Amino acid sequence: MRRLRLPAFIPAALLLAGLLGAWELYVDLGGADPLILPAPHAIAKALYTDRSLLWSNFLVTAQEVLLGIVVAALLGLALALAIHFSRTLRRALYPLVIASQTIPIPMIAPLLALWLGFGIKPKLAVIALVSFFPIVVTAMAGLAAVDQDLLKLMRTFDAPRRRTFWLLELPAALPGVLTGAKVAVVVAVIGAVFAEWAGSTSGLGYLFLQAEPQLLIPRAYAAFVILSLFAIALFALLTLAERIAVPWAYRPKGAV
Amino acid sequence: MIEAPAEEPRERQRPGGVAVESVSRTFASRRGPVLALQGMSLRAGHNELIAVVGPSGCGKTTLLELICGLQQPDAGTITAAPAALMPQRDLLLPWLGALDNAVLALRAQGVPRQQARAQALPWLERFGLQGFEQTKPAQLSGGMRQRVSFLRTLLAGKPVLALDEPFASLDAITRAEMQGWLGHVLAAEPRTVVLVTHDVEEAVMLGDRVVVMSPRPGRAVAEVSVELERPRKRTDPELAALKERVYEALGVAS
């Protein structure tokens, strides 16, 4: 008996179509005022009519997110290495790394805008603040997860510390770092929106903020749709990177 | 029935020997300190293969780590030529092919990649791994992985090899094959070997001498010399008699 194999995207597409259909029906049948909750067709229309406005603001946000991720990755990896190699630095840095995640972003973002202005700098600061954490934690775990017996083996091979790092610890940490990066890109998008809300003159978060009081609700939702698609695209890109860069750790679904 | 290890003072002067003298070693565990070894003595002459058998948890792995200098004894002395470890699990790096795994020790010692590969390539052929140079460990059979793991330890270039139950994870047939294979390799490429095992047959098949350890705290309770021609036959009645002696020393009635 053969089972029909559906392409991987079909279940998600069906679920999405079902949810959108239910939403459309709910609004069309008078469940909510279309001014307050626009139907999907109205959002789709806004995506089309406002496309140049959305695109130019998307470019601003995308730049913030991508640069922010780079800053977060550099910061995260540097901290992970410092913590991995030095017990003293671990004791000094680790509590601060954790404390940094208790900072309420909506409260600190306006303060950063006040200090760093309305340009890209406060956005990078906010994105780096929310995104470096998953990278630090996964990189630390990856570096420390090397089998103790393998480290003993390297000692009997007279391997100096730095070669153990390059030959063993760094490649072993890579899959974890990529997993951390997948989390980081998604929260980076949220960070960018908060940063734009705190003070900016462009970007999808800014557009969202402007559209809402003007009751251009479909436009606000359209901005939200684009942000989601952007986060999904970044996530998918990193999944692809995992498959190419760390094939030994990449597990296709269904495999143990 | 305790047999003192035979005195071989001259053997100790040879370059590749190992001398463990009345060594004790305690390690900390979650349930307090554990005395792993107490008064353990063992000698291995240059290019001699000493098989160490004992019940589980008798401190065999601790003994090998002491010989390799990974631990220091709490009491007693250890004089050993530089030793390389072959761990119980193959611990091959999943992102490297067989050849690059085999040269790990060379790379660790700073040999450039191409030079290390060139040095290891003929060995891969001798070890029956030709055609698998680029194959990742996940695609190699258990026996092949152990061969790569052994080659990695051999290429470290140390006079002493400390083998920690190298074939314990293999099925019985592959294990028998690998034991024969190891015998051949060491005949061609002699090294001082301390082979830790819980397989009595493996011990008498491969060892020049078999050192029997007590349960924890481990110490040598008997030593059986195996003066049989190589390659040895599993079915040799003399081998069976030696196995019997080892089992007796282990306190296992048959």
# chains A, B, ... in the order shown; residues from 1 in each chain; ligands from 1
>>> interface_residues(of="chain A", to="chain B", cutoff="7 Å", atoms="only C-alpha atoms", output="compact mmCIF listing (two decimals) with N, CA and C atoms, in the first residue's frame")
# COMPACT_ATOMS: atom_id res chain seq x y z
N LEU A 150 37.69 12.74 24.47
CA LEU A 150 38.37 13.26 23.28
C LEU A 150 39.43 14.28 23.69
N LYS A 152 41.05 14.20 26.52
CA LYS A 152 42.14 13.40 27.07
C LYS A 152 43.01 12.85 25.95
N LEU A 153 42.33 12.36 24.91
CA LEU A 153 43.03 11.82 23.75
C LEU A 153 43.98 12.88 23.18
N THR A 156 47.07 13.25 25.17
CA THR A 156 48.11 12.22 24.94
C THR A 156 48.77 12.40 23.57
N PHE A 157 48.13 13.17 22.69
CA PHE A 157 48.74 13.49 21.40
C PHE A 157 49.60 14.75 21.49
N ASP A 158 49.77 15.29 22.69
CA ASP A 158 50.55 16.51 22.93
C ASP A 158 49.97 17.73 22.21
N ALA A 159 48.66 17.80 22.07
CA ALA A 159 48.06 18.93 21.36
C ALA A 159 48.07 20.17 22.26
N ARG A 163 45.43 24.25 19.30
CA ARG A 163 45.10 23.28 18.24
C ARG A 163 43.88 22.46 18.62
N TRP A 248 27.01 16.89 9.20
CA TRP A 248 27.04 15.79 10.16
C TRP A 248 26.05 16.00 11.31
>>> select_by_dssp(residues="segment 64-125 of chain B", states="alpha helix (DSSP H)", output="ChimeraX atom specification")
/B:64-67,98-102,104-108,113-125
>>> write_last_selection(atoms="N, CA and C atoms", output="PDB file, in the first residue's frame")
ATOM      1  N   LEU B  64      45.234   3.144  32.827  1.00  0.00           N
ATOM      2  CA  LEU B  64      45.707   3.630  31.527  1.00  0.00           C
ATOM      3  C   LEU B  64      45.933   5.142  31.555  1.00  0.00           C
ATOM      4  N   GLU B  65      45.036   5.857  32.229  1.00  0.00           N
ATOM      5  CA  GLU B  65      45.202   7.313  32.283  1.00  0.00           C
ATOM      6  C   GLU B  65      46.446   7.684  33.085  1.00  0.00           C
ATOM      7  N   LEU B  66      46.772   6.886  34.093  1.00  0.00           N
ATOM      8  CA  LEU B  66      48.003   7.123  34.850  1.00  0.00           C
ATOM      9  C   LEU B  66      49.215   6.884  33.954  1.00  0.00           C
ATOM     10  N   ILE B  67      49.171   5.805  33.179  1.00  0.00           N
ATOM     11  CA  ILE B  67      50.298   5.487  32.292  1.00  0.00           C
ATOM     12  C   ILE B  67      50.472   6.583  31.245  1.00  0.00           C
ATOM     13  N   ALA B  98      37.741   9.418   6.972  1.00  0.00           N
ATOM     14  CA  ALA B  98      38.627   8.462   7.652  1.00  0.00           C
ATOM     15  C   ALA B  98      40.076   8.963   7.665  1.00  0.00           C
ATOM     16  N   LEU B  99      40.537   9.470   6.513  1.00  0.00           N
ATOM     17  CA  LEU B  99      41.925   9.914   6.439  1.00  0.00           C
ATOM     18  C   LEU B  99      42.193  11.072   7.394  1.00  0.00           C
ATOM     19  N   ASP B 100      41.313  12.056   7.390  1.00  0.00           N
ATOM     20  CA  ASP B 100      41.527  13.223   8.261  1.00  0.00           C
ATOM     21  C   ASP B 100      41.365  12.869   9.735  1.00  0.00           C
ATOM     22  N   ASN B 101      40.525  11.882  10.036  1.00  0.00           N
ATOM     23  CA  ASN B 101      40.437  11.410  11.413  1.00  0.00           C
ATOM     24  C   ASN B 101      41.741  10.719  11.811  1.00  0.00           C
ATOM     25  N   ALA B 102      42.288   9.931  10.894  1.00  0.00           N
ATOM     26  CA  ALA B 102      43.505   9.175  11.210  1.00  0.00           C
ATOM     27  C   ALA B 102      44.681  10.105  11.493  1.00  0.00           C
ATOM     28  N   LEU B 104      44.605  12.992  12.988  1.00  0.00           N
ATOM     29  CA  LEU B 104      44.329  13.971  14.048  1.00  0.00           C
ATOM     30  C   LEU B 104      45.541  14.182  14.963  1.00  0.00           C
ATOM     31  N   ALA B 105      46.197  13.085  15.329  1.00  0.00           N
ATOM     32  CA  ALA B 105      47.349  13.214  16.233  1.00  0.00           C
ATOM     33  C   ALA B 105      48.465  14.021  15.568  1.00  0.00           C
ATOM     34  N   LEU B 106      48.684  13.752  14.274  1.00  0.00           N
ATOM     35  CA  LEU B 106      49.732  14.483  13.552  1.00  0.00           C
ATOM     36  C   LEU B 106      49.385  15.968  13.474  1.00  0.00           C
ATOM     37  N   ARG B 107      48.121  16.255  13.166  1.00  0.00           N
ATOM     38  CA  ARG B 107      47.681  17.651  13.079  1.00  0.00           C
ATOM     39  C   ARG B 107      47.792  18.316  14.451  1.00  0.00           C
ATOM     40  N   ALA B 108      47.485  17.550  15.481  1.00  0.00           N
ATOM     41  CA  ALA B 108      47.578  18.091  16.843  1.00  0.00           C
ATOM     42  C   ALA B 108      49.018  18.449  17.167  1.00  0.00           C
ATOM     43  N   ARG B 113      48.548  19.849   7.042  1.00  0.00           N
ATOM     44  CA  ARG B 113      47.514  18.922   6.608  1.00  0.00           C
ATOM     45  C   ARG B 113      47.977  17.984   5.474  1.00  0.00           C
ATOM     46  N   GLN B 114      48.545  18.567   4.426  1.00  0.00           N
ATOM     47  CA  GLN B 114      48.902  17.731   3.272  1.00  0.00           C
ATOM     48  C   GLN B 114      49.981  16.719   3.627  1.00  0.00           C
ATOM     49  N   GLN B 115      50.960  17.169   4.399  1.00  0.00           N
ATOM     50  CA  GLN B 115      52.051  16.291   4.804  1.00  0.00           C
ATOM     51  C   GLN B 115      51.519  15.149   5.667  1.00  0.00           C
ATOM     52  N   ALA B 116      50.604  15.483   6.571  1.00  0.00           N
ATOM     53  CA  ALA B 116      50.025  14.468   7.458  1.00  0.00           C
ATOM     54  C   ALA B 116      49.240  13.448   6.636  1.00  0.00           C
ATOM     55  N   ARG B 117      48.472  13.944   5.658  1.00  0.00           N
ATOM     56  CA  ARG B 117      47.690  13.036   4.823  1.00  0.00           C
ATOM     57  C   ARG B 117      48.605  12.097   4.043  1.00  0.00           C
ATOM     58  N   ALA B 118      49.686  12.666   3.471  1.00  0.00           N
ATOM     59  CA  ALA B 118      50.608  11.854   2.688  1.00  0.00           C
ATOM     60  C   ALA B 118      51.223  10.763   3.563  1.00  0.00           C
ATOM     61  N   GLN B 119      51.484  11.122   4.807  1.00  0.00           N
ATOM     62  CA  GLN B 119      52.094  10.167   5.730  1.00  0.00           C
ATOM     63  C   GLN B 119      51.120   9.039   6.088  1.00  0.00           C
ATOM     64  N   ALA B 120      49.850   9.370   6.169  1.00  0.00           N
ATOM     65  CA  ALA B 120      48.865   8.396   6.643  1.00  0.00           C
ATOM     66  C   ALA B 120      48.313   7.525   5.524  1.00  0.00           C
ATOM     67  N   LEU B 121      48.379   8.016   4.295  1.00  0.00           N
ATOM     68  CA  LEU B 121      47.720   7.331   3.184  1.00  0.00           C
ATOM     69  C   LEU B 121      48.159   5.872   3.027  1.00  0.00           C
ATOM     70  N   PRO B 122      49.492   5.584   3.017  1.00  0.00           N
ATOM     71  CA  PRO B 122      49.888   4.172   2.894  1.00  0.00           C
ATOM     72  C   PRO B 122      49.337   3.301   4.028  1.00  0.00           C
ATOM     73  N   TRP B 123      49.209   3.905   5.208  1.00  0.00           N
ATOM     74  CA  TRP B 123      48.678   3.153   6.344  1.00  0.00           C
ATOM     75  C   TRP B 123      47.227   2.770   6.126  1.00  0.00           C
ATOM     76  N   LEU B 124      46.460   3.681   5.558  1.00  0.00           N
ATOM     77  CA  LEU B 124      45.063   3.395   5.312  1.00  0.00           C
ATOM     78  C   LEU B 124      44.929   2.171   4.408  1.00  0.00           C
ATOM     79  N   GLU B 125      45.814   2.085   3.425  1.00  0.00           N
ATOM     80  CA  GLU B 125      45.783   0.913   2.552  1.00  0.00           C
ATOM     81  C   GLU B 125      46.142  -0.340   3.327  1.00  0.00           C
TER      82      GLU B 125
END
>>> atom_distance(atom1="atom CA of Gly17 of chain B", atom2="atom CA of Val193 of chain B")
9.3 Å
>>> select_by_dssp(residues="segment 102-230 of chain B", states="strand (DSSP E)", output="PyMOL selection string")
chain B and resi 160-164+192-197+209-213+220-225
>>> residues_around(residues="Ser41 of chain B", least_positions_apart="4", cutoff="10 Å", atoms="only C-alpha atoms", output="list in words")
Ala4, Pro5, Ala19, Val20, Glu21, Ser22, Val23, Ser24, Leu37, Leu63, Gly76, Thr77, Ile78, Val211, Met213, Gly218, Arg219, Ala220 and Val221 of chain B
>>> residues_around(residues="Ile98 of chain A", least_positions_apart="5", cutoff="10 Å", atoms="only C-alpha atoms", output="PDB file with N, CA and C atoms, in the first residue's frame")
ATOM      1  N   LEU A  93      31.953  37.804  33.419  1.00  0.00           N
ATOM      2  CA  LEU A  93      31.032  38.156  32.330  1.00  0.00           C
ATOM      3  C   LEU A  93      29.674  37.477  32.411  1.00  0.00           C
ATOM      4  N   ILE A 103      16.758  43.192  30.902  1.00  0.00           N
ATOM      5  CA  ILE A 103      16.455  44.583  30.564  1.00  0.00           C
ATOM      6  C   ILE A 103      15.173  44.619  29.726  1.00  0.00           C
ATOM      7  N   PHE A 133      22.345  37.042  22.927  1.00  0.00           N
ATOM      8  CA  PHE A 133      22.205  36.063  24.004  1.00  0.00           C
ATOM      9  C   PHE A 133      22.097  34.619  23.501  1.00  0.00           C
ATOM     10  N   VAL A 137      24.958  31.719  24.390  1.00  0.00           N
ATOM     11  CA  VAL A 137      24.616  30.515  25.148  1.00  0.00           C
ATOM     12  C   VAL A 137      24.895  29.259  24.328  1.00  0.00           C
TER      13      VAL A 137
END
>>> residues_around(residues="Pro34 of chain A", least_positions_apart="2", cutoff="12 Å", atoms="only C-alpha atoms", output="VMD selection string")
chain A and resid 23 to 32 36 to 43 215 to 218
>>> residues_around(residues="Gly251 of chain B", least_positions_apart="5", cutoff="10 Å", atoms="only C-alpha atoms", output="number ranges by chain")
B: 214, 245-246
>>> write_last_selection(atoms="N, CA and C atoms", output="compact mmCIF listing (two decimals), in the first residue's frame")
# COMPACT_ATOMS: atom_id res chain seq x y z
N SER B 214 42.15 -7.35 40.72
CA SER B 214 41.08 -7.64 41.68
C SER B 214 39.95 -6.64 41.46
N ARG B 245 43.24 -20.64 33.69
CA ARG B 245 44.05 -20.06 34.78
C ARG B 245 43.64 -18.62 35.06
N VAL B 246 43.37 -17.88 33.98
CA VAL B 246 42.97 -16.48 34.17
C VAL B 246 41.61 -16.42 34.87
>>> atom_distance(atom1="atom CA of Phe194 of chain A", atom2="atom CA of Leu234 of chain A")
18.8 Å
>>> residues_around(residues="His184 of chain B", least_positions_apart="5", cutoff="10 Å", atoms="only C-alpha atoms", output="number ranges by chain")
B: 178-179, 189-190, 230-231
>>> write_last_selection(atoms="N, CA and C atoms", output="PDB file, in the first residue's frame")
ATOM      1  N   MET B 178      39.067  -8.481  14.411  1.00  0.00           N
ATOM      2  CA  MET B 178      39.912  -7.346  14.783  1.00  0.00           C
ATOM      3  C   MET B 178      41.056  -7.775  15.687  1.00  0.00           C
ATOM      4  N   GLN B 179      40.810  -8.787  16.522  1.00  0.00           N
ATOM      5  CA  GLN B 179      41.885  -9.285  17.376  1.00  0.00           C
ATOM      6  C   GLN B 179      42.996  -9.892  16.519  1.00  0.00           C
ATOM      7  N   GLU B 189      54.619  -3.939  13.249  1.00  0.00           N
ATOM      8  CA  GLU B 189      54.883  -2.587  13.765  1.00  0.00           C
ATOM      9  C   GLU B 189      54.910  -2.653  15.296  1.00  0.00           C
ATOM     10  N   PRO B 190      55.970  -3.255  15.844  1.00  0.00           N
ATOM     11  CA  PRO B 190      55.924  -3.541  17.286  1.00  0.00           C
ATOM     12  C   PRO B 190      55.895  -2.273  18.135  1.00  0.00           C
ATOM     13  N   ARG B 230      52.812 -17.152  17.707  1.00  0.00           N
ATOM     14  CA  ARG B 230      51.800 -16.380  16.989  1.00  0.00           C
ATOM     15  C   ARG B 230      51.897 -16.710  15.505  1.00  0.00           C
ATOM     16  N   PRO B 231      50.825 -16.613  14.747  1.00  0.00           N
ATOM     17  CA  PRO B 231      49.480 -16.292  15.234  1.00  0.00           C
ATOM     18  C   PRO B 231      48.882 -17.445  16.027  1.00  0.00           C
TER      19      PRO B 231
END
>>> atom_distance(atom1="atom CA of Phe127 of chain B", atom2="atom CA of Val148 of chain B")
8.2 Å
>>> decode(residues="segment 88-134 of chain B", atoms="N, CA and C atoms", output="PDB file, in the first residue's frame")
ATOM      1  N   GLN B  88      37.978   3.713  24.605  1.00  0.00           N
ATOM      2  CA  GLN B  88      37.032   2.617  24.437  1.00  0.00           C
ATOM      3  C   GLN B  88      36.075   2.863  23.267  1.00  0.00           C
ATOM      4  N   ARG B  89      35.483   4.059  23.256  1.00  0.00           N
ATOM      5  CA  ARG B  89      34.649   4.435  22.109  1.00  0.00           C
ATOM      6  C   ARG B  89      35.576   5.006  21.048  1.00  0.00           C
ATOM      7  N   ASP B  90      35.226   4.851  19.774  1.00  0.00           N
ATOM      8  CA  ASP B  90      36.182   5.290  18.754  1.00  0.00           C
ATOM      9  C   ASP B  90      36.381   6.806  18.771  1.00  0.00           C
ATOM     10  N   LEU B  91      35.335   7.572  19.139  1.00  0.00           N
ATOM     11  CA  LEU B  91      35.444   9.031  19.248  1.00  0.00           C
ATOM     12  C   LEU B  91      36.012   9.676  17.997  1.00  0.00           C
ATOM     13  N   LEU B  92      35.654   9.135  16.838  1.00  0.00           N
ATOM     14  CA  LEU B  92      36.078   9.776  15.596  1.00  0.00           C
ATOM     15  C   LEU B  92      35.261  11.050  15.419  1.00  0.00           C
ATOM     16  N   LEU B  93      35.860  12.050  14.779  1.00  0.00           N
ATOM     17  CA  LEU B  93      35.161  13.321  14.591  1.00  0.00           C
ATOM     18  C   LEU B  93      34.195  13.187  13.413  1.00  0.00           C
ATOM     19  N   PRO B  94      32.906  13.431  13.643  1.00  0.00           N
ATOM     20  CA  PRO B  94      31.905  13.142  12.615  1.00  0.00           C
ATOM     21  C   PRO B  94      32.036  14.006  11.365  1.00  0.00           C
ATOM     22  N   TRP B  95      32.740  15.141  11.480  1.00  0.00           N
ATOM     23  CA  TRP B  95      32.832  16.016  10.313  1.00  0.00           C
ATOM     24  C   TRP B  95      34.047  15.711   9.440  1.00  0.00           C
ATOM     25  N   LEU B  96      34.886  14.768   9.859  1.00  0.00           N
ATOM     26  CA  LEU B  96      36.077  14.444   9.082  1.00  0.00           C
ATOM     27  C   LEU B  96      35.950  13.046   8.472  1.00  0.00           C
ATOM     28  N   GLY B  97      36.558  12.872   7.274  1.00  0.00           N
ATOM     29  CA  GLY B  97      36.632  11.559   6.659  1.00  0.00           C
ATOM     30  C   GLY B  97      37.653  10.695   7.386  1.00  0.00           C
ATOM     31  N   ALA B  98      37.741   9.418   6.972  1.00  0.00           N
ATOM     32  CA  ALA B  98      38.627   8.462   7.652  1.00  0.00           C
ATOM     33  C   ALA B  98      40.076   8.963   7.665  1.00  0.00           C
ATOM     34  N   LEU B  99      40.537   9.470   6.513  1.00  0.00           N
ATOM     35  CA  LEU B  99      41.925   9.914   6.439  1.00  0.00           C
ATOM     36  C   LEU B  99      42.193  11.072   7.394  1.00  0.00           C
ATOM     37  N   ASP B 100      41.313  12.056   7.390  1.00  0.00           N
ATOM     38  CA  ASP B 100      41.527  13.223   8.261  1.00  0.00           C
ATOM     39  C   ASP B 100      41.365  12.869   9.735  1.00  0.00           C
ATOM     40  N   ASN B 101      40.525  11.882  10.036  1.00  0.00           N
ATOM     41  CA  ASN B 101      40.437  11.410  11.413  1.00  0.00           C
ATOM     42  C   ASN B 101      41.741  10.719  11.811  1.00  0.00           C
ATOM     43  N   ALA B 102      42.288   9.931  10.894  1.00  0.00           N
ATOM     44  CA  ALA B 102      43.505   9.175  11.210  1.00  0.00           C
ATOM     45  C   ALA B 102      44.681  10.105  11.493  1.00  0.00           C
ATOM     46  N   VAL B 103      44.694  11.292  10.871  1.00  0.00           N
ATOM     47  CA  VAL B 103      45.846  12.186  11.035  1.00  0.00           C
ATOM     48  C   VAL B 103      45.648  13.187  12.180  1.00  0.00           C
ATOM     49  N   LEU B 104      44.605  12.992  12.988  1.00  0.00           N
ATOM     50  CA  LEU B 104      44.329  13.971  14.048  1.00  0.00           C
ATOM     51  C   LEU B 104      45.541  14.182  14.963  1.00  0.00           C
ATOM     52  N   ALA B 105      46.197  13.085  15.329  1.00  0.00           N
ATOM     53  CA  ALA B 105      47.349  13.214  16.233  1.00  0.00           C
ATOM     54  C   ALA B 105      48.465  14.021  15.568  1.00  0.00           C
ATOM     55  N   LEU B 106      48.684  13.752  14.274  1.00  0.00           N
ATOM     56  CA  LEU B 106      49.732  14.483  13.552  1.00  0.00           C
ATOM     57  C   LEU B 106      49.385  15.968  13.474  1.00  0.00           C
ATOM     58  N   ARG B 107      48.121  16.255  13.166  1.00  0.00           N
ATOM     59  CA  ARG B 107      47.681  17.651  13.079  1.00  0.00           C
ATOM     60  C   ARG B 107      47.792  18.316  14.451  1.00  0.00           C
ATOM     61  N   ALA B 108      47.485  17.550  15.481  1.00  0.00           N
ATOM     62  CA  ALA B 108      47.578  18.091  16.843  1.00  0.00           C
ATOM     63  C   ALA B 108      49.018  18.449  17.167  1.00  0.00           C
ATOM     64  N   GLN B 109      49.950  17.707  16.574  1.00  0.00           N
ATOM     65  CA  GLN B 109      51.368  17.977  16.826  1.00  0.00           C
ATOM     66  C   GLN B 109      51.917  19.029  15.866  1.00  0.00           C
ATOM     67  N   GLY B 110      51.043  19.573  15.016  1.00  0.00           N
ATOM     68  CA  GLY B 110      51.460  20.687  14.179  1.00  0.00           C
ATOM     69  C   GLY B 110      51.944  20.303  12.795  1.00  0.00           C
ATOM     70  N   VAL B 111      51.780  19.034  12.390  1.00  0.00           N
ATOM     71  CA  VAL B 111      52.160  18.637  11.035  1.00  0.00           C
ATOM     72  C   VAL B 111      51.146  19.242  10.069  1.00  0.00           C
ATOM     73  N   PRO B 112      51.610  19.899   8.985  1.00  0.00           N
ATOM     74  CA  PRO B 112      50.663  20.491   8.033  1.00  0.00           C
ATOM     75  C   PRO B 112      49.746  19.427   7.425  1.00  0.00           C
ATOM     76  N   ARG B 113      48.548  19.849   7.042  1.00  0.00           N
ATOM     77  CA  ARG B 113      47.514  18.922   6.608  1.00  0.00           C
ATOM     78  C   ARG B 113      47.977  17.984   5.474  1.00  0.00           C
ATOM     79  N   GLN B 114      48.545  18.567   4.426  1.00  0.00           N
ATOM     80  CA  GLN B 114      48.902  17.731   3.272  1.00  0.00           C
ATOM     81  C   GLN B 114      49.981  16.719   3.627  1.00  0.00           C
ATOM     82  N   GLN B 115      50.960  17.169   4.399  1.00  0.00           N
ATOM     83  CA  GLN B 115      52.051  16.291   4.804  1.00  0.00           C
ATOM     84  C   GLN B 115      51.519  15.149   5.667  1.00  0.00           C
ATOM     85  N   ALA B 116      50.604  15.483   6.571  1.00  0.00           N
ATOM     86  CA  ALA B 116      50.025  14.468   7.458  1.00  0.00           C
ATOM     87  C   ALA B 116      49.240  13.448   6.636  1.00  0.00           C
ATOM     88  N   ARG B 117      48.472  13.944   5.658  1.00  0.00           N
ATOM     89  CA  ARG B 117      47.690  13.036   4.823  1.00  0.00           C
ATOM     90  C   ARG B 117      48.605  12.097   4.043  1.00  0.00           C
ATOM     91  N   ALA B 118      49.686  12.666   3.471  1.00  0.00           N
ATOM     92  CA  ALA B 118      50.608  11.854   2.688  1.00  0.00           C
ATOM     93  C   ALA B 118      51.223  10.763   3.563  1.00  0.00           C
ATOM     94  N   GLN B 119      51.484  11.122   4.807  1.00  0.00           N
ATOM     95  CA  GLN B 119      52.094  10.167   5.730  1.00  0.00           C
ATOM     96  C   GLN B 119      51.120   9.039   6.088  1.00  0.00           C
ATOM     97  N   ALA B 120      49.850   9.370   6.169  1.00  0.00           N
ATOM     98  CA  ALA B 120      48.865   8.396   6.643  1.00  0.00           C
ATOM     99  C   ALA B 120      48.313   7.525   5.524  1.00  0.00           C
ATOM    100  N   LEU B 121      48.379   8.016   4.295  1.00  0.00           N
ATOM    101  CA  LEU B 121      47.720   7.331   3.184  1.00  0.00           C
ATOM    102  C   LEU B 121      48.159   5.872   3.027  1.00  0.00           C
ATOM    103  N   PRO B 122      49.492   5.584   3.017  1.00  0.00           N
ATOM    104  CA  PRO B 122      49.888   4.172   2.894  1.00  0.00           C
ATOM    105  C   PRO B 122      49.337   3.301   4.028  1.00  0.00           C
ATOM    106  N   TRP B 123      49.209   3.905   5.208  1.00  0.00           N
ATOM    107  CA  TRP B 123      48.678   3.153   6.344  1.00  0.00           C
ATOM    108  C   TRP B 123      47.227   2.770   6.126  1.00  0.00           C
ATOM    109  N   LEU B 124      46.460   3.681   5.558  1.00  0.00           N
ATOM    110  CA  LEU B 124      45.063   3.395   5.312  1.00  0.00           C
ATOM    111  C   LEU B 124      44.929   2.171   4.408  1.00  0.00           C
ATOM    112  N   GLU B 125      45.814   2.085   3.425  1.00  0.00           N
ATOM    113  CA  GLU B 125      45.783   0.913   2.552  1.00  0.00           C
ATOM    114  C   GLU B 125      46.142  -0.340   3.327  1.00  0.00           C
ATOM    115  N   ARG B 126      47.211  -0.249   4.122  1.00  0.00           N
ATOM    116  CA  ARG B 126      47.616  -1.417   4.907  1.00  0.00           C
ATOM    117  C   ARG B 126      46.517  -1.862   5.858  1.00  0.00           C
ATOM    118  N   PHE B 127      45.696  -0.909   6.286  1.00  0.00           N
ATOM    119  CA  PHE B 127      44.637  -1.231   7.249  1.00  0.00           C
ATOM    120  C   PHE B 127      43.332  -1.599   6.542  1.00  0.00           C
ATOM    121  N   GLY B 128      43.411  -1.800   5.221  1.00  0.00           N
ATOM    122  CA  GLY B 128      42.208  -2.211   4.491  1.00  0.00           C
ATOM    123  C   GLY B 128      41.166  -1.118   4.397  1.00  0.00           C
ATOM    124  N   LEU B 129      41.616   0.132   4.379  1.00  0.00           N
ATOM    125  CA  LEU B 129      40.661   1.242   4.332  1.00  0.00           C
ATOM    126  C   LEU B 129      40.779   2.030   3.033  1.00  0.00           C
ATOM    127  N   GLN B 130      41.471   1.455   2.034  1.00  0.00           N
ATOM    128  CA  GLN B 130      41.586   2.172   0.768  1.00  0.00           C
ATOM    129  C   GLN B 130      40.202   2.302   0.148  1.00  0.00           C
ATOM    130  N   GLY B 131      39.974   3.471  -0.449  1.00  0.00           N
ATOM    131  CA  GLY B 131      38.653   3.751  -1.010  1.00  0.00           C
ATOM    132  C   GLY B 131      37.716   4.393   0.004  1.00  0.00           C
ATOM    133  N   PHE B 132      38.119   4.409   1.276  1.00  0.00           N
ATOM    134  CA  PHE B 132      37.270   5.008   2.312  1.00  0.00           C
ATOM    135  C   PHE B 132      37.898   6.271   2.897  1.00  0.00           C
ATOM    136  N   GLU B 133      38.909   6.812   2.196  1.00  0.00           N
ATOM    137  CA  GLU B 133      39.656   7.949   2.738  1.00  0.00           C
ATOM    138  C   GLU B 133      38.741   9.104   3.120  1.00  0.00           C
ATOM    139  N   GLN B 134      37.751   9.371   2.255  1.00  0.00           N
ATOM    140  CA  GLN B 134      36.894  10.536   2.485  1.00  0.00           C
ATOM    141  C   GLN B 134      35.606  10.175   3.209  1.00  0.00           C
TER     142      GLN B 134
END
